[in-house]
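K.L.:
Take a look at this one; I'll ask things after.
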Amino acid sequence: MNREQPAARLPVTVIGGYLGTGKTTLVNRLLRAADGQRLAVLVNDFGTTPIDRDLIVSSDGDTLEISGGCVCCSYGSDLMDTLMALPEQRPDIERVVLETSGVALPGMVASAVTLLPAYRIDGIVVMVDVETVRTMAADAYLGDTITRQLGAADLVVANRCDLVDEASLQETLAWLATQNPAARILPATRAEIAPDLLLGLRDGTSPRLSTTLTTPGAPDATSLYDSLELEVPENTDITELGQRLSAPGTGVLRAKGILNRVALHVVGRRFEIDAAPAGAKSGRLVVIGLRSRLDRRAVEQAVQPSLSTSLRSA
């Protein structure tokens with residue numbers, strides 16, 4: 001008796017951050033850089049998140065059709081209703097980007113989304129303005145929200161780095177690291193972020209190196225990142241490999257590897273191991289980091305100790 005296989009759960013990237021951090025710019029950049037992926041971008045309303053007009057193909061009520069096969073939906077206060085209806089209304093959608101309001105707690109939003117069987121959380125990205133974040137965090141009314149937003153992040157995008165001097169920037173980056181030691185901090189200017197650093201963080205596939213470091217409309221963004229592609233020996237202890245890649249000092253923002261039918265995902269200081277997707281190429285590890293901070297030697301050495309440990313214990 002044949003049973004119909006359940007549909008794969010749609011990955012959701014939650015983007016949070018207080019008002020004025022650059023979330024709108026980031027969303028527009030993601031839409032421009034979709035590169036054939038069919039994204040659904042959910043926003044509170046189109047008035048607070050204006051999608052670039054040259055991207056819009058058509059408009060129908062609370063839905064905008066975006067060039068490249070993407071769609072933008074306004075959910076207002078009915079996020080869960082919108083999410084429940086989306087798979088049936090748009091079965092072509094491959095990935096969801098959910099922008100929260102400036103006062104929302106992205107961790108709580110992500111927890112609510114996981115209650116819906118059609119979805120899984122792929123990552124939580126929190127944006128801050130390096131010029132204002134410490135002042136905002138000290139505010140009697142907004143401070144608790146800011147710190148809770150930061151505490152839920154997989155990645156913190158420290159935007160508008162061009163507006164502060166080098167000393168202030170380093171102080172702010174160091175302060176951000178104390179707010180969530182498990183998150184990686186990604187400095188940025190005008191939200192110029194390579195999309196593969198934000199999307200597909202936990203989906204078990206390796207980044208496409210041809211597009212990983214390309215952000216259309218942001219010609220200078222490619223100089224910020226570096227990547228390594230390594231062969232992973234079959235006897236590698238994948239748990240130890242995850243521990244080494246996520247350790248402080250490696251400079252790894254994101255890493256993915258497939259080995260012996262399991263997938264390793266490293267996002268900041270966290271790593272996960274789960275079943276690899278069918279047909280995934282085994283023995284390949286892709287690592288991405290800031291060009292000035294990615295320690296190539298540490299990454300390359302991370303594979304060898306995990307291999308030798310596995311052999312010694314055999």
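In the structure tokens, each chain is lettered A, B, ... as it comes, each chain's residues begin at 1, and ligands are numbered from 1 in order of appearance.
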Mind listing the strand (DSSP E or B) residues of range 74-299 of chain A, per DSSP on the backbone, as number ranges by chain?
P.N.:
A: 74, 95-99, 119-129, 155-159, 184-187, 225-231, 252-259, 262-267, 270-275, 284-290
K.L.:
Enumerate as an NGL selection string all residues of range 90-289 of chain A assigned to helix (DSSP H, G or I) by DSSP on the backbone, naming them with the chain letters and numbers the document uses.
P.N.:
:A and (106-113 or 133-137 or 143-151 or 161-163 or 166-179 or 195-197 or 209-212 or 221-224 or 238-245)
K.L.:
Nearest residue to Ala104 in chain A out of A:Ala182, A:Val156, A:Leu142, A:Leu10, using only C-alpha atoms?
P.N.:
A:Leu142
K.L.:
Could you jot down the CA of Arg148 in chain A to CA of Met136 in chain A separation for me, Å, one decimal place?
P.N.:
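Here the two named atoms are 12.4 Å from each other.
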